[in-house]
Amino acid sequence: MKRYILDGNIEKHNDNLITDEVIERDIASPEGELLTEHFDIFTLDTTIIVTALGQLIDEGMIDDEVKQLANTVISRQRHPKICFDKKSQPLLNANIS
């Protein structure tokens with residue numbers, strides 16, 4: 001996962017990403033966030049979560065490294081500043097048929 005999804009930035013993908021300060025900065029200036037040239041926060045986090053769940057389905061377990069990453073991104077997506085950000089609302093409220 002770290003090679004393909006995080007593009008060698010595994011060391012930057014840690015619990016610092018779920019601090020109020022970093023989340024506020026990323027929402028205010030999304031072009032400065034981690035891997036913004038490839039993904040937005042929602043897309044990157046969803047990709048990591050889906051990868052973890054896919055590994056669980058395929059292998060019956062999730063690697064420790066993947067668990068740690070999934071825990072970080074789930075915490076970030078549950079953060080009130082992400083959940084209630086006005087820019088995120090259209091995506092979060094999308095009706096997928």
# chains A, B, ... in the order shown; residues from 1 in each chain; ligands from 1
$ residues_around --residues "Thr51 of chain A" --least-positions-apart "4" --cutoff "9 Å" --atoms "only C-alpha atoms" --output "ChimeraX atom specification"
/A:1,46-47,55-56,66,70
$ write_last_selection --atoms "N, CA and C atoms" --output "mmCIF file, in the first residue's frame"
data_model
loop_
_atom_site.group_PDB
_atom_site.id
_atom_site.type_symbol
_atom_site.label_atom_id
_atom_site.label_comp_id
_atom_site.auth_asym_id
_atom_site.auth_seq_id
_atom_site.Cartn_x
_atom_site.Cartn_y
_atom_site.Cartn_z
ATOM 1 N N MET A 1 0.825 -1.188 0.000
ATOM 2 C CA MET A 1 0.000 0.000 0.000
ATOM 3 C C MET A 1 0.868 1.251 0.000
ATOM 4 N N THR A 46 -10.515 7.179 1.655
ATOM 5 C CA THR A 46 -11.385 6.103 1.191
ATOM 6 C C THR A 46 -10.573 4.987 0.542
ATOM 7 N N THR A 47 -9.554 5.339 -0.210
ATOM 8 C CA THR A 47 -8.696 4.343 -0.852
ATOM 9 C C THR A 47 -8.000 3.469 0.186
ATOM 10 N N GLN A 55 -8.162 -6.347 1.861
ATOM 11 C CA GLN A 55 -7.189 -7.295 2.410
ATOM 12 C C GLN A 55 -7.869 -8.232 3.411
ATOM 13 N N LEU A 56 -8.766 -7.691 4.211
ATOM 14 C CA LEU A 56 -9.507 -8.520 5.164
ATOM 15 C C LEU A 56 -10.323 -9.588 4.442
ATOM 16 N N VAL A 66 -1.196 -1.562 7.654
ATOM 17 C CA VAL A 66 -2.444 -1.131 7.035
ATOM 18 C C VAL A 66 -3.471 -0.766 8.114
ATOM 19 N N ALA A 70 -5.321 2.735 8.340
ATOM 20 C CA ALA A 70 -6.784 2.765 8.314
ATOM 21 C C ALA A 70 -7.324 3.453 9.559
#
$ closest_residue --among "A:Leu44, A:Ile82, A:Thr72, A:Gln77" --to "Arg25 of chain A" --atoms "only C-alpha atoms"
A:Ile82
$ atom_distance --atom1 "atom CA of Met61 of chain A" --atom2 "atom CA of Pro80 of chain A"
29.5 Å
$ residues_around --residues "Asn16 of chain A" --least-positions-apart "5" --cutoff "10 Å" --atoms "only C-alpha atoms" --output "count of residues only"
5
$ closest_residue --among "A:Asp45, A:Asp63, A:Asp26, A:Asp20" --to "His79 of chain A" --atoms "only C-alpha atoms"
A:Asp20
$ atom_distance --atom1 "atom CA of Gly54 of chain A" --atom2 "atom CA of Asp15 of chain A"
22.8 Å
$ atom_distance --atom1 "atom CA of Leu17 of chain A" --atom2 "atom CA of Ser75 of chain A"
9.3 Å
